[in-house]
$ cat run38.cif   # mmCIF, C-alpha atoms and all ligand atoms
data_run
#
loop_
_atom_site.label_atom_id
_atom_site.label_comp_id
_atom_site.auth_asym_id
_atom_site.auth_seq_id
_atom_site.Cartn_x
_atom_site.Cartn_y
_atom_site.Cartn_z
CA MET A 64 150.12 27.09 108.05
CA LEU A 65 148.75 25.23 105.03
CA MET A 66 149.36 27.13 101.83
CA THR A 67 147.38 26.98 98.62
CA PHE A 68 147.47 28.72 95.24
CA PRO A 69 145.22 28.93 92.15
CA GLN A 70 145.20 26.26 89.48
CA MET A 71 146.43 27.06 85.96
CA GLY A 72 147.77 24.36 83.64
CA HIS A 73 150.70 22.60 85.32
CA VAL A 74 151.38 25.47 87.76
CA GLU A 75 150.52 22.98 90.53
CA GLN A 76 153.69 21.00 89.74
CA LEU A 77 155.76 24.18 89.43
CA ILE A 78 154.70 25.90 92.67
CA GLY A 79 154.37 22.62 94.58
CA ASP A 80 157.96 21.74 93.76
CA ILE A 81 159.31 25.13 94.94
CA LEU A 82 157.25 25.01 98.17
CA GLU A 83 158.57 21.52 98.91
CA ARG A 84 162.13 22.74 98.42
CA LEU A 85 161.37 25.52 100.94
CA ASP A 86 159.75 23.07 103.43
CA ILE A 87 156.41 24.88 103.25
CA ASP A 88 153.27 22.77 103.81
CA TYR A 89 150.80 23.18 100.98
CA MET A 90 147.76 21.69 99.34
CA PRO A 91 146.77 22.50 95.78
CA PRO A 92 143.07 23.19 95.25
CA PRO A 93 141.10 20.44 93.52
CA ARG A 94 141.41 20.70 89.72
CA THR A 95 139.13 23.39 88.32
CA THR A 96 135.61 22.18 87.52
CA ALA A 97 132.16 23.65 86.86
CA LYS A 98 131.72 23.85 90.65
CA THR A 99 134.85 26.03 90.95
CA LEU A 100 133.51 28.32 88.25
CA ALA A 101 130.08 28.53 89.93
CA LEU A 102 131.70 29.48 93.27
CA GLY A 103 133.90 32.13 91.66
CA THR A 104 131.07 33.58 89.62
CA LYS A 105 128.88 33.81 92.72
CA HIS A 106 131.41 35.83 94.72
CA ALA A 107 133.43 37.83 92.16
CA PRO A 108 132.31 41.17 90.66
CA GLU A 109 130.22 40.41 87.56
CA PHE A 110 132.49 42.16 85.04
CA SER A 111 135.79 40.89 86.39
CA CYS A 112 137.70 38.68 83.98
CA LEU A 113 137.26 34.92 84.09
CA PRO A 114 140.69 34.08 85.61
CA LEU A 115 139.83 36.14 88.70
CA LYS A 116 136.55 34.27 89.12
CA LEU A 117 138.33 30.93 88.84
CA ASN A 118 141.07 31.98 91.29
CA ILE A 119 138.36 32.81 93.83
CA GLY A 120 136.64 29.46 93.21
CA ASN A 121 139.98 27.62 93.62
CA PHE A 122 140.72 29.46 96.89
CA ILE A 123 137.28 28.70 98.33
CA GLU A 124 137.55 25.00 97.51
CA ALA A 125 141.04 24.85 99.01
CA MET A 126 139.99 26.68 102.20
CA GLU A 127 136.97 24.38 102.59
CA ALA A 128 139.51 21.53 102.50
CA GLY A 129 141.73 23.08 105.19
CA ALA A 130 144.08 25.61 103.56
CA ASP A 131 144.57 28.84 105.52
CA THR A 132 147.24 30.74 103.56
CA LEU A 133 146.68 31.95 100.01
CA LEU A 134 149.61 32.48 97.67
CA MET A 135 149.03 34.90 94.84
CA ALA A 136 151.24 36.66 92.30
CA GLY A 137 151.22 40.45 92.21
CA GLY A 138 151.89 42.76 89.28
CA LYS A 139 151.87 46.35 88.15
CA GLY A 140 149.36 46.52 85.33
CA PRO A 141 148.23 47.96 83.06
CA CYS A 142 145.92 44.94 82.96
CA ARG A 143 143.85 43.99 85.99
CA PHE A 144 146.12 41.14 87.05
CA GLY A 145 148.09 43.68 89.12
CA TYR A 146 145.26 44.06 91.60
CA TYR A 147 143.95 40.48 91.61
CA ALA A 148 145.56 39.62 94.96
CA GLU A 149 144.09 42.69 96.67
CA LEU A 150 140.64 42.23 95.15
CA GLU A 151 140.53 38.49 95.77
CA GLY A 152 141.50 39.06 99.41
CA ARG A 153 138.66 41.57 99.88
CA VAL A 154 136.06 39.41 98.11
CA LEU A 155 136.96 36.36 100.21
CA ARG A 156 136.99 38.29 103.50
CA ASP A 157 133.59 39.78 102.64
CA ALA A 158 132.40 36.21 102.05
CA GLY A 159 133.46 35.35 105.63
CA TYR A 160 136.72 33.49 105.07
CA ASP A 161 139.64 33.90 107.45
CA PHE A 162 143.11 33.49 105.91
CA THR A 163 146.52 35.02 105.37
CA MET A 164 147.18 36.37 101.88
CA VAL A 165 150.78 36.21 100.66
CA THR A 166 151.45 38.25 97.53
CA ILE A 167 154.66 37.69 95.60
CA GLU A 168 155.53 40.62 93.35
CA PRO A 169 157.36 39.86 90.09
CA PRO A 170 161.19 40.19 90.23
CA SER A 171 160.90 43.08 87.72
CA MET A 172 159.44 45.18 90.59
CA GLY A 173 162.62 44.71 92.64
CA ILE A 174 164.32 41.62 94.06
CA ALA A 175 163.70 42.74 97.66
CA LYS A 176 159.92 42.92 97.09
CA PHE A 177 160.04 39.50 95.44
CA VAL A 178 162.08 37.76 98.14
CA ARG A 179 160.69 39.43 101.31
CA PRO A 180 157.35 37.55 101.53
CA ILE A 181 159.03 34.23 100.68
CA LYS A 182 161.54 34.80 103.49
CA ARG A 183 158.74 35.63 105.91
CA ILE A 184 156.69 32.49 105.24
CA SER A 185 159.56 30.04 104.84
CA GLY A 186 162.05 31.36 107.38
CA LYS A 187 164.76 30.64 104.79
CA SER A 188 167.65 32.89 103.83
CA THR A 189 167.90 34.65 100.47
CA ARG A 190 170.57 32.15 99.50
CA GLN A 191 168.32 29.15 100.29
CA ILE A 192 165.42 30.72 98.39
CA TRP A 193 167.64 31.44 95.41
CA ARG A 194 168.81 27.82 95.42
CA ALA A 195 165.23 26.48 95.53
CA LEU A 196 164.27 28.68 92.59
CA LYS A 197 167.42 27.84 90.67
CA GLU A 198 166.79 24.10 91.05
CA GLY A 199 163.02 24.26 90.62
CA PHE A 200 162.89 26.44 87.53
CA PRO A 201 164.59 23.99 85.10
CA LYS A 202 162.11 21.35 86.23
CA ALA A 203 159.19 23.68 85.48
CA ARG A 204 160.74 24.43 82.10
CA GLY A 205 160.89 20.68 81.53
CA PHE A 206 157.09 20.45 81.88
CA ASP A 207 156.74 23.17 79.23
CA MET A 208 159.18 21.44 76.88
CA LEU A 209 157.29 18.16 77.20
CA GLU A 210 154.00 19.93 76.44
CA LYS A 211 155.49 21.52 73.35
CA ARG A 212 156.81 18.18 72.09
CA VAL A 213 153.35 16.65 72.67
CA LEU A 214 151.72 19.34 70.50
CA GLU A 215 154.20 18.62 67.72
CA THR A 216 153.62 14.85 67.93
CA ARG A 217 149.93 14.17 68.57
CA CYS A 218 148.73 15.01 65.04
CA PHE A 219 151.00 12.31 63.54
CA GLU A 220 150.19 9.45 65.95
CA LEU A 221 148.93 6.21 64.43
CA LYS A 222 146.80 5.22 67.43
CA LEU A 223 144.59 7.84 69.04
CA GLY A 224 145.59 8.69 72.61
CA GLU A 225 149.14 7.26 72.54
CA THR A 226 150.81 10.70 72.78
CA THR A 227 148.60 11.73 75.69
CA LYS A 228 149.46 8.47 77.44
CA ALA A 229 153.20 9.01 76.89
CA HIS A 230 152.85 12.60 78.13
CA LYS A 231 151.21 11.49 81.38
CA GLU A 232 153.99 8.96 81.99
CA ALA A 233 156.68 11.56 81.23
CA MET A 234 155.04 14.07 83.60
CA ALA A 235 154.82 11.50 86.40
CA THR A 236 158.56 10.78 86.13
CA LEU A 237 159.47 14.47 86.07
CA VAL A 238 157.28 15.22 89.11
CA LYS A 239 159.40 12.81 91.18
CA ALA A 240 162.75 14.26 90.03
CA LYS A 241 164.53 16.43 92.62
CA THR A 242 168.24 16.93 91.95
CA PRO A 243 169.45 18.74 88.80
CA ALA A 244 170.75 15.43 87.43
CA GLU A 245 167.42 13.68 88.09
CA VAL A 246 165.53 16.54 86.45
CA GLU A 247 167.72 16.49 83.37
CA GLY A 248 167.42 12.70 83.13
CA ALA A 249 163.62 12.81 83.53
CA ILE A 250 163.26 15.46 80.80
CA GLU A 251 165.40 13.41 78.40
CA ALA A 252 163.52 10.20 79.25
CA GLY A 253 160.17 12.01 78.78
CA MET A 254 161.22 13.33 75.38
CA ARG A 255 162.31 9.83 74.32
CA LEU A 256 158.97 8.42 75.48
CA ILE A 257 157.01 10.95 73.40
CA ASP A 258 159.31 10.51 70.39
CA ALA A 259 158.76 6.74 70.59
CA VAL A 260 154.99 7.10 69.96
CA PRO A 261 154.34 5.30 66.63
CA CYS A 262 153.70 8.06 64.08
CA ASP A 263 153.36 8.68 60.36
CA ARG A 264 155.27 11.94 60.03
CA GLU A 265 154.85 11.95 56.24
CA GLN A 266 151.09 12.49 56.39
CA PRO A 267 150.02 16.04 55.50
CA VAL A 268 148.65 17.96 58.49
CA LEU A 269 147.05 21.35 58.99
CA LYS A 270 149.02 23.78 61.14
CA ILE A 271 147.18 26.05 63.57
CA GLY A 272 148.75 28.58 65.96
CA ILE A 273 147.02 29.49 69.21
CA VAL A 274 147.41 33.04 70.51
CA GLY A 275 145.71 35.00 73.28
CA GLU A 276 145.52 35.62 77.01
CA PHE A 277 147.90 33.46 79.07
CA PHE A 278 145.42 32.00 81.59
CA ILE A 279 142.98 30.89 78.89
CA LEU A 280 145.79 29.38 76.83
CA LEU A 281 147.33 27.54 79.78
CA GLU A 282 144.26 26.17 81.58
CA PRO A 283 142.56 23.28 79.74
CA PHE A 284 139.32 23.70 81.72
CA VAL A 285 138.65 27.13 80.21
CA ASN A 286 140.01 26.51 76.72
CA PHE A 287 138.06 23.23 76.55
CA ASP A 288 141.32 21.44 75.90
CA ILE A 289 141.28 22.55 72.28
CA GLU A 290 144.94 21.58 71.87
CA GLU A 291 144.07 17.92 72.39
CA TRP A 292 140.84 18.27 70.38
CA LEU A 293 142.75 19.68 67.39
CA GLY A 294 145.65 17.25 67.74
CA ASN A 295 143.25 14.28 67.78
CA ARG A 296 141.90 15.54 64.45
CA GLY A 297 145.33 15.60 62.84
CA VAL A 298 146.11 19.29 63.35
CA LEU A 299 149.62 20.34 64.37
CA VAL A 300 149.16 22.90 67.12
CA SER A 301 151.61 25.58 68.20
CA ARG A 302 150.88 27.52 71.38
CA SER A 303 152.42 30.97 71.77
CA VAL A 304 152.51 31.09 75.60
CA TYR A 305 154.30 28.88 78.13
CA ILE A 306 154.33 29.40 81.87
CA THR A 307 158.12 29.46 82.32
CA ASP A 308 158.49 31.92 79.43
CA TRP A 309 155.89 34.09 81.11
CA ILE A 310 157.50 34.11 84.55
CA GLY A 311 161.12 33.78 83.38
CA PRO A 312 163.35 36.72 84.32
CA THR A 313 164.98 37.14 80.88
CA SER A 314 161.89 37.72 78.65
CA LYS A 315 163.66 35.62 76.01
CA ASN A 316 160.87 33.01 75.89
CA PRO A 317 163.07 30.02 74.99
CA VAL A 318 160.17 27.55 74.90
CA ALA A 319 157.92 29.47 72.50
CA GLY A 320 161.04 30.69 70.71
CA THR A 321 160.65 34.47 70.25
CA SER A 322 161.74 37.06 72.82
CA ASP A 323 159.50 39.85 74.11
CA ALA A 324 161.78 42.39 72.41
CA GLU A 325 161.37 40.66 69.03
CA LEU A 326 157.61 40.42 69.47
CA THR A 327 157.37 44.12 70.37
CA GLU A 328 159.39 45.07 67.30
CA LEU A 329 157.37 42.83 65.01
CA ALA A 330 153.99 44.14 66.19
CA ARG A 331 155.07 47.80 66.06
CA PRO A 332 153.41 48.67 62.70
CA TYR A 333 150.06 47.54 64.15
CA LEU A 334 150.42 48.14 67.89
CA GLY A 335 153.24 50.40 68.98
CA HIS A 336 152.92 50.42 72.77
CA PHE A 337 152.57 48.01 75.68
CA VAL A 338 148.94 47.36 76.59
CA GLY A 339 149.50 44.70 79.26
CA GLY A 340 148.82 40.98 79.23
CA GLU A 341 149.26 39.34 75.83
CA GLY A 342 147.98 42.26 73.73
CA VAL A 343 151.21 42.84 71.79
CA PRO A 344 152.27 39.14 71.67
CA SER A 345 148.84 38.10 70.29
CA VAL A 346 149.31 40.48 67.34
CA ALA A 347 152.97 39.56 66.82
CA HIS A 348 152.42 35.81 67.04
CA THR A 349 149.63 36.00 64.45
CA MET A 350 152.17 37.63 62.10
CA LEU A 351 154.79 35.00 62.98
CA TYR A 352 152.44 32.10 62.32
CA ALA A 353 151.57 33.59 58.92
CA ASN A 354 155.28 33.99 58.12
CA GLU A 355 155.91 30.37 59.15
CA GLY A 356 153.26 29.07 56.73
CA PHE A 357 150.62 28.11 59.29
CA ASP A 358 147.13 27.54 57.87
CA GLY A 359 145.25 29.52 60.52
CA VAL A 360 145.25 31.08 63.97
CA VAL A 361 142.93 30.62 66.96
CA HIS A 362 142.73 33.69 69.22
CA MET A 363 141.25 33.07 72.70
CA PHE A 364 140.76 35.49 75.56
CA PRO A 365 138.39 36.18 78.46
CA PHE A 366 135.40 38.47 78.06
CA THR A 367 136.34 41.98 79.36
CA CYS A 368 140.10 41.28 79.01
CA MET A 369 141.45 44.70 78.06
CA PRO A 370 144.78 43.74 76.38
CA ASP A 371 143.34 41.02 74.14
CA THR A 372 140.23 43.07 73.32
CA ILE A 373 142.69 45.60 71.86
CA ALA A 374 144.45 42.78 70.00
CA LYS A 375 141.10 41.55 68.65
CA ALA A 376 140.46 44.96 67.10
CA ILE A 377 143.84 44.83 65.33
CA ILE A 378 144.21 41.18 64.32
CA PRO A 379 141.63 41.31 61.47
CA ARG A 380 143.93 43.80 59.69
CA VAL A 381 146.91 41.48 60.26
CA SER A 382 144.78 38.60 58.96
CA ARG A 383 144.04 40.51 55.72
CA ASP A 384 147.59 41.83 55.24
CA TYR A 385 149.21 38.45 55.90
CA ASP A 386 146.47 36.36 54.28
CA ILE A 387 145.92 34.08 57.27
CA PRO A 388 142.46 33.15 58.61
CA VAL A 389 141.89 33.88 62.31
CA ILE A 390 139.03 32.76 64.52
CA HIS A 391 138.37 34.60 67.81
CA PHE A 392 136.88 33.04 70.96
CA THR A 393 135.79 35.32 73.80
CA ILE A 394 135.41 33.11 76.86
CA ASP A 395 133.26 33.71 79.93
CA GLU A 396 131.26 31.59 82.37
CA GLN A 397 128.44 31.25 79.79
CA THR A 398 130.71 29.75 77.11
CA GLY A 399 130.00 26.08 76.39
CA LYS A 400 132.20 23.44 74.83
CA ALA A 401 129.62 22.54 72.15
CA GLY A 402 129.62 26.09 70.74
CA VAL A 403 133.43 26.27 70.70
CA VAL A 404 133.78 22.85 69.05
CA THR A 405 131.13 23.63 66.39
CA ARG A 406 132.95 26.82 65.39
CA LEU A 407 136.31 25.05 65.46
CA GLU A 408 135.02 22.28 63.20
CA ALA A 409 133.84 24.86 60.69
CA PHE A 410 137.20 26.65 60.93
CA VAL A 411 139.17 23.45 60.32
CA ASP A 412 136.91 22.65 57.31
CA LEU A 413 137.56 26.12 55.93
CA LEU A 414 141.32 25.68 56.29
CA VAL A 415 141.20 22.29 54.56
CA SER A 416 139.30 23.73 51.56
CA ARG A 417 141.58 26.72 51.46
CA ARG A 418 144.62 24.47 51.29
CA ARG A 419 143.00 22.38 48.53
CA ALA A 420 142.18 25.51 46.53
CA LYS A 421 145.76 26.78 46.90
CA ARG A 422 147.11 23.43 45.78
CA ALA A 423 144.81 23.46 42.72
CA VAL A 424 146.05 26.94 41.77
CA ASN A 425 149.73 26.12 42.34
CA GLY A 426 149.44 22.72 40.64
S1 LIG B 501 145.31 39.71 80.71
FE1 LIG B 501 143.11 40.07 80.56
S2 LIG B 501 142.07 38.32 81.52
FE2 LIG B 501 144.24 38.26 82.08
S3 LIG B 501 144.25 39.31 84.03
FE3 LIG B 501 144.70 40.87 82.49
S4 LIG B 501 142.69 41.75 81.97
FE4 LIG B 501 142.30 39.84 83.08
#
$ encode --input "run38.cif" --output "structure tokens"
Amino acid sequence: MLMTFPQMGHVEQLIGDILERLDIDYMPPPRTTAKTLALGTKHAPEFSCLPLKLNIGNFIEAMEAGADTLLMAGGKGPCRFGYYAELEGRVLRDAGYDFTMVTIEPPSMGIAKFVRPIKRISGKSTRQIWRALKEGFPKARGFDMLEKRVLETRCFELKLGETTKAHKEAMATLVKAKTPAEVEGAIEAGMRLIDAVPCDREQPVLKIGIVGEFFILLEPFVNFDIEEWLGNRGVLVSRSVYITDWIGPTSKNPVAGTSDAELTELARPYLGHFVGGEGVPSVAHTMLYANEGFDGVVHMFPFTCMPDTIAKAIIPRVSRDYDIPVIHFTIDEQTGKAGVVTRLEAFVDLLVSRRRAKRAVNG
């Protein structure tokens, strides 16, 4: 058995680490590229959302390289993620591929459902699985914490690229860490490395929050790495979604900083019920960024994504009520970097003039 899984941000480090702890052979797919997207678009239903197309592309590339077992998360809706595993399995079998699909349901659907497939493929006991997760999760959280620190640092750096370089070094050290003590030490060392990047923290910077669908926010290939693009132009970026917040069992979201319960309560005047995905959080985080004095918000989501299409219909009202500019990007396989960057440049210019005008009024 050679297991693989889809790419999404640093999920490769997260899942790879857990599989190693469970002695399961695996190979991550190659990093997502235009070829991956072309493969997924060719085989997936036309109106499926972009993450599904990329998952299919990732799986095909991994199977061509020798993988025979596909690991996929399950879910229960109401967005389409809940049936991704089933649909992807059917699409790939129709395309002639032979494989075993392993679907891991979220712990919220019952611990037995969550643990059963892991037991079957690893041959480990519940206790051993629990231990692997307990040791692997803090490491995954460490990757998120490093990313967050990078976003808060890059805009102040004196030499372009130094924060990215420090981040890569910090990631490489954390990847090698295994024991809880090593993980803790690697996170601390990584933070020190990023904090040591020569910066001018007194320089005024624009602040932009990024909200939207989790896959688009987490995967640099589909968001055109706008976090780095903005940071390199002296914009402090705050992202509202982190992978360990998203999969964490408590829904407290310690990395992003606001729990699901708080987000639900905050968004209630605009959106009073769960619509799946990041629908409610996208609305609530836009309000939060306005309250925290951010200059603007970027909202990104895949074309045909139901939860964030709902959010897009509501956010303009939030933008007016809270006096915060918001730019929306609907991403599909036709979206090009040049178009995104051109609109972002105009948005940043608008925020700069808005800040100048405010300063002139306030003296
Ligand atoms: S949140 Fe949107 S893009 Fe993501 S899986 Fe659900 S419907 Fe698709």
$ residues_near_ligand --input "run38.cif" --ligand "ligand LIG 501 (chain B)" --cutoff "7 Å" --atoms "all atoms listed in the file" --output "number ranges by chain"
A: 112-114, 142-144, 276-278, 339-341, 364-365, 367-371
$ atom_distance --input "run38.cif" --atom1 "atom CA of Pro201 of chain A" --atom2 "atom CA of Ile181 of chain A"
19.5 Å
$ atom_distance --input "run38.cif" --atom1 "atom CA of Val343 of chain A" --atom2 "atom CA of Leu117 of chain A"
24.5 Å
$ residues_around --input "run38.cif" --residues "segment 224-232 of chain A" --least-positions-apart "4" --cutoff "12 Å" --atoms "all atoms listed in the file" --output "ChimeraX atom specification"
/A:73,205-220,236-239,249-250,252-262,290-292,294-297
$ closest_residue --input "run38.cif" --among "A:Gly103, A:Gly359, A:Gly138, A:Gly129" --to "Glu151 of chain A" --atoms "only C-alpha atoms"
A:Gly103
$ residues_around --input "run38.cif" --residues "Val154 of chain A" --least-positions-apart "2" --cutoff "9 Å" --atoms "only C-alpha atoms" --output "PyMOL selection string"
chain A and resi 106-108+119+149-152+156-159
$ atom_distance --input "run38.cif" --atom1 "atom CA of Phe177 of chain A" --atom2 "atom CA of Gly137 of chain A"
9.4 Å
$ closest_residue --input "run38.cif" --among "A:Asp384, A:Glu251, A:Asp86, A:Asp308" --to "Ala203 of chain A" --atoms "all atoms listed in the file"
A:Asp308
$ closest_residue --input "run38.cif" --among "A:Val165, A:Ala376, A:Ile387, A:Leu221" --to "Ser185 of chain A" --atoms "only C-alpha atoms"
A:Val165
$ residues_around --input "run38.cif" --residues "Ile279 of chain A" --least-positions-apart "4" --cutoff "10 Å" --atoms "all atoms listed in the file" --output "list of chain:residue names"
A:Met71, A:Gly72, A:Leu113, A:Pro114, A:Val274, A:Gly275, A:Pro283, A:Phe284, A:Val285, A:Asn286, A:Phe287, A:Met363, A:Phe364, A:Pro365, A:Thr393, A:Ile394
$ build_atoms --input "run38.cif" --residues "segment 93-123 of chain A" --atoms "N, CA and C atoms" --output "short mmCIF file (atom, residue, chain, number, x, y, z; two decimals), keeping the file's coordinate frame"
data_model
loop_
_atom_site.label_atom_id
_atom_site.label_comp_id
_atom_site.auth_asym_id
_atom_site.auth_seq_id
_atom_site.Cartn_x
_atom_site.Cartn_y
_atom_site.Cartn_z
N PRO A 93 141.51 21.47 94.49
CA PRO A 93 141.10 20.44 93.52
C PRO A 93 141.19 21.02 92.11
N ARG A 94 141.36 20.18 91.09
CA ARG A 94 141.41 20.70 89.72
C ARG A 94 140.13 21.49 89.43
N THR A 95 140.26 22.51 88.61
CA THR A 95 139.13 23.39 88.32
C THR A 95 138.01 22.62 87.61
N THR A 96 136.79 22.84 88.11
CA THR A 96 135.61 22.18 87.52
C THR A 96 134.49 23.22 87.41
N ALA A 97 133.33 22.76 86.95
CA ALA A 97 132.16 23.65 86.86
C ALA A 97 131.79 24.20 88.24
N LYS A 98 132.04 23.39 89.28
CA LYS A 98 131.72 23.85 90.65
C LYS A 98 132.63 25.04 91.03
N THR A 99 133.91 24.93 90.67
CA THR A 99 134.85 26.03 90.95
C THR A 99 134.36 27.30 90.28
N LEU A 100 133.97 27.16 89.02
CA LEU A 100 133.51 28.32 88.25
C LEU A 100 132.25 28.92 88.88
N ALA A 101 131.33 28.04 89.31
CA ALA A 101 130.08 28.53 89.93
C ALA A 101 130.39 29.31 91.21
N LEU A 102 131.33 28.79 92.01
CA LEU A 102 131.70 29.48 93.27
C LEU A 102 132.32 30.85 92.97
N GLY A 103 133.23 30.87 92.00
CA GLY A 103 133.90 32.13 91.66
C GLY A 103 132.92 33.14 91.09
N THR A 104 132.04 32.68 90.24
CA THR A 104 131.07 33.58 89.62
C THR A 104 130.11 34.16 90.67
N LYS A 105 129.80 33.35 91.66
CA LYS A 105 128.88 33.81 92.72
C LYS A 105 129.50 34.96 93.53
N HIS A 106 130.80 34.86 93.80
CA HIS A 106 131.41 35.83 94.72
C HIS A 106 132.12 36.99 94.03
N ALA A 107 132.61 36.78 92.81
CA ALA A 107 133.43 37.83 92.16
C ALA A 107 132.54 38.92 91.55
N PRO A 108 133.08 40.14 91.36
CA PRO A 108 132.31 41.17 90.66
C PRO A 108 131.96 40.66 89.26
N GLU A 109 130.75 40.99 88.80
CA GLU A 109 130.22 40.41 87.56
C GLU A 109 131.16 40.63 86.37
N PHE A 110 131.72 41.86 86.24
CA PHE A 110 132.49 42.16 85.04
C PHE A 110 133.99 41.92 85.21
N SER A 111 134.37 41.24 86.28
CA SER A 111 135.79 40.89 86.39
C SER A 111 136.09 39.80 85.37
N CYS A 112 137.37 39.67 85.01
CA CYS A 112 137.70 38.68 83.98
C CYS A 112 137.67 37.26 84.56
N LEU A 113 137.48 36.31 83.68
CA LEU A 113 137.26 34.92 84.09
C LEU A 113 138.36 34.35 84.99
N PRO A 114 139.66 34.64 84.71
CA PRO A 114 140.69 34.08 85.61
C PRO A 114 140.47 34.48 87.07
N LEU A 115 140.04 35.71 87.31
CA LEU A 115 139.83 36.14 88.70
C LEU A 115 138.71 35.31 89.34
N LYS A 116 137.66 35.07 88.57
CA LYS A 116 136.55 34.27 89.12
C LYS A 116 137.03 32.85 89.46
N LEU A 117 137.86 32.29 88.58
CA LEU A 117 138.33 30.93 88.84
C LEU A 117 139.32 30.88 90.01
N ASN A 118 140.15 31.91 90.13
CA ASN A 118 141.07 31.98 91.29
C ASN A 118 140.26 31.95 92.58
N ILE A 119 139.19 32.75 92.62
CA ILE A 119 138.36 32.81 93.83
C ILE A 119 137.72 31.45 94.10
N GLY A 120 137.22 30.80 93.05
CA GLY A 120 136.64 29.46 93.21
C GLY A 120 137.67 28.47 93.73
N ASN A 121 138.89 28.52 93.16
CA ASN A 121 139.98 27.62 93.62
C ASN A 121 140.27 27.86 95.10
N PHE A 122 140.38 29.13 95.50
CA PHE A 122 140.72 29.46 96.89
C PHE A 122 139.63 28.96 97.84
N ILE A 123 138.37 29.15 97.46
CA ILE A 123 137.28 28.70 98.33
C ILE A 123 137.33 27.19 98.51
#
